[in-house]
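This report concerns only the one structure given below.
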Amino acid sequence: MKEKLTLVIKGFLIGVANIIPGVSGGTLAITLGIYEKLIGAISHFFKNLKENIKFIIPIGIGAVLSILLLSRVISFCLDKYTLATILFFIGLILGGIPLLNKKIKGHYKNVSNIIIFLLSFGFVIALSVLKGENVVSFANMNIINYIMLFLVGVVAAATMIIPGVSGSFVLMLLGYYKPIVDTIGALTKFNNIWQNIMILVPFGIGVLVGIVAISKLLEFLFKKYEVKTYFGVMGFITASIITIFTGAEGLVFSVPQLLIGLMLLGIGFTAAYKLGE
């Protein structure tokens with residue numbers, strides 16, 4: 001029971017991470033120590049069905065609960081307490097660095113590893129510089145719009161599961177972030193239920209397809225090129241700390257927020273480190 005509750009908590013944190021532009025759910029899965037097992041469970045879901053269900057379902061429950069319950073709360077915190085909220089999530093990311101460092105310790109002198117780190121780091125930074133000004137509308141939906149929702153779900157899933165690459169940030173670049181979050185928020189208020197479900201279902205199916213596809217690719221990379229893959233992951237994660245700040249709007253460095261934020265950073269670091277163990 002304790003193990004399942006821990007998985008629900010981890011899933012909850014991963015779900016929250018996917019709401020915030022610049023924060024990656026994959027990053028939190030790494031820092032919480034469940035990433036490789038989660039990838040394997042998704043890639044071979046039917047091979048060991050019972051065990052995989054027992055592992056994935058609690059994580060999924062936590063993630064869905066956090067997205068449904070906290071979409072508006074996170075938006076409020078980012079709007080009113082931007083710095084403190086950001087520092088908390090940076091703490092969660094930093095708390096997993098010691099665990100990740102164990103995977104690549106002793107391989108820092110390999111030039112190809114350093115190049116992979118720099119390329120992955122540069123990719124995330126370049127992505128953060130892009131600006132998505134367009135915002136799509138879900139009014140007057142047709143078959144093309146529903147197909148686009150499915151494809152956007154596939155892309156979002158791929159970026160959500162790759163550590164350091166923020167799915168919500170990519171959604172923002174594509175113009176789908178606010179409409180999707182608003183639709184989830186409206187559904188939690190039971191407004192236009194059928195219409196909102198019809199929007200979220202194709203998007204959700206796309207997310208599932210994307211997760212399975214990218215999981216198989218990542219499992220192959222971890223199996224064949226474990227150290228090099230982890231160097232790429234380290235580059236993604238390190239850069240993601242910077243992108244959290246670049247993706248934030250209305251960031252104000254006030255002393256009270258900074259002090260509270262540093263306290264939350266410590267809490268986030270400790271929570272991630274302990275859960276990762």
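Residue numbering restarts at 1 for every chain of the structure tokens, chains are lettered A, B, ... in their displayed order, and ligands are numbered from 1 as they appear.
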Near A:Leu187, within 8 Å and counting only C-alpha atoms, which residues show up once chain neighbours fewer than 6 positions away are dropped, as a ChimeraX atom specification?
/A:193,196-197
Selection export as a CSV table (one decimal), in the first residue's frame, atoms kept: N, CA, C and O atoms:
```
chain,number,residue,atom,x,y,z
A,193,ILE,N,-19.9,20.0,-21.2
A,193,ILE,CA,-19.2,18.7,-21.0
A,193,ILE,C,-19.0,18.0,-22.3
A,193,ILE,O,-17.9,17.5,-22.6
A,196,ASN,N,-16.4,19.7,-24.6
A,196,ASN,CA,-15.1,19.6,-24.1
A,196,ASN,C,-14.5,18.2,-24.2
A,196,ASN,O,-13.3,18.0,-24.5
A,197,ILE,N,-15.3,17.2,-24.0
A,197,ILE,CA,-14.9,15.8,-24.1
A,197,ILE,C,-14.5,15.5,-25.5
A,197,ILE,O,-13.5,14.8,-25.8
```
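For A:Ile184, the list of residues within 12 Å, based on only C-alpha atoms and with local chain neighbours fewer than 4 positions off taken out, reads Ile19, Val64, Leu65, Ser66, Ile67, Leu68, Leu69, Leu70, Ser71, Arg72, Tyr177, Lys178, Pro179, Ile180, Thr188, Lys189, Phe190, Asn191, Asn192, Ile193, Gln195, Asn196, Ile197, Met198, Ile199, Leu200, Val201, Phe203 and Gly204 of chain A.
Residues lying within 10 Å of A:Leu208, counting only C-alpha atoms and ignoring same-chain neighbours fewer than 3 positions away, are Ile42, Phe150, Gly153, Val154, Ala157, Ala158, Pro202, Phe203, Gly204, Ile205, Ile211, Val212 and Ala213 of chain A.
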Store the residues of this selection in a file with N, CA and C atoms, as a PDB file, in the first residue's frame.
```pdb
ATOM      1  N   ILE A  42       5.706   0.819 -20.306  1.00  0.00           N
ATOM      2  CA  ILE A  42       4.882   1.295 -21.421  1.00  0.00           C
ATOM      3  C   ILE A  42       5.230   0.554 -22.704  1.00  0.00           C
ATOM      4  N   PHE A 150      -5.247  15.347 -32.645  1.00  0.00           N
ATOM      5  CA  PHE A 150      -4.596  14.050 -32.464  1.00  0.00           C
ATOM      6  C   PHE A 150      -3.086  14.175 -32.675  1.00  0.00           C
ATOM      7  N   GLY A 153      -1.394  16.006 -29.977  1.00  0.00           N
ATOM      8  CA  GLY A 153      -1.286  15.119 -28.820  1.00  0.00           C
ATOM      9  C   GLY A 153      -0.078  14.205 -28.921  1.00  0.00           C
ATOM     10  N   VAL A 154       0.183  13.691 -30.136  1.00  0.00           N
ATOM     11  CA  VAL A 154       1.355  12.831 -30.358  1.00  0.00           C
ATOM     12  C   VAL A 154       2.643  13.606 -30.074  1.00  0.00           C
ATOM     13  N   ALA A 157       3.020  14.405 -26.356  1.00  0.00           N
ATOM     14  CA  ALA A 157       3.414  13.228 -25.584  1.00  0.00           C
ATOM     15  C   ALA A 157       4.903  12.967 -25.703  1.00  0.00           C
ATOM     16  N   ALA A 158       5.413  13.096 -26.939  1.00  0.00           N
ATOM     17  CA  ALA A 158       6.842  12.871 -27.168  1.00  0.00           C
ATOM     18  C   ALA A 158       7.677  13.834 -26.335  1.00  0.00           C
ATOM     19  N   PRO A 202      -9.662  13.181 -28.817  1.00  0.00           N
ATOM     20  CA  PRO A 202      -8.629  12.987 -29.851  1.00  0.00           C
ATOM     21  C   PRO A 202      -7.243  13.417 -29.393  1.00  0.00           C
ATOM     22  N   PHE A 203      -7.188  14.476 -28.605  1.00  0.00           N
ATOM     23  CA  PHE A 203      -5.906  14.916 -28.055  1.00  0.00           C
ATOM     24  C   PHE A 203      -5.333  13.835 -27.135  1.00  0.00           C
ATOM     25  N   GLY A 204      -6.177  13.259 -26.277  1.00  0.00           N
ATOM     26  CA  GLY A 204      -5.747  12.216 -25.347  1.00  0.00           C
ATOM     27  C   GLY A 204      -5.281  10.961 -26.067  1.00  0.00           C
ATOM     28  N   ILE A 205      -5.989  10.580 -27.144  1.00  0.00           N
ATOM     29  CA  ILE A 205      -5.580   9.407 -27.930  1.00  0.00           C
ATOM     30  C   ILE A 205      -4.208   9.651 -28.554  1.00  0.00           C
ATOM     31  N   ILE A 211       3.175   8.513 -26.504  1.00  0.00           N
ATOM     32  CA  ILE A 211       3.898   7.953 -25.356  1.00  0.00           C
ATOM     33  C   ILE A 211       4.448   6.566 -25.677  1.00  0.00           C
ATOM     34  N   VAL A 212       3.620   5.715 -26.296  1.00  0.00           N
ATOM     35  CA  VAL A 212       4.053   4.354 -26.636  1.00  0.00           C
ATOM     36  C   VAL A 212       5.199   4.394 -27.647  1.00  0.00           C
ATOM     37  N   ALA A 213       5.059   5.242 -28.696  1.00  0.00           N
ATOM     38  CA  ALA A 213       6.071   5.311 -29.755  1.00  0.00           C
ATOM     39  C   ALA A 213       7.413   5.797 -29.226  1.00  0.00           C
TER      40      ALA A 213
END
```
Of the listed residues A:Met234, A:Ile61, A:Ile144, A:Cys77, that which approaches A:Thr27 most closely, counting only C-alpha atoms
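Checking each candidate against A:Thr27, we get A:Met234 as the closest.
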Please identify the alpha helix (DSSP H) residues within stretch 70-235 of chain A (assignment by DSSP from backbone atoms) and present them as a PyMOL selection string.
chain A and resi 70-80+82-94+97-104+111-129+143-161+167-174+177-188+193-224+226-235
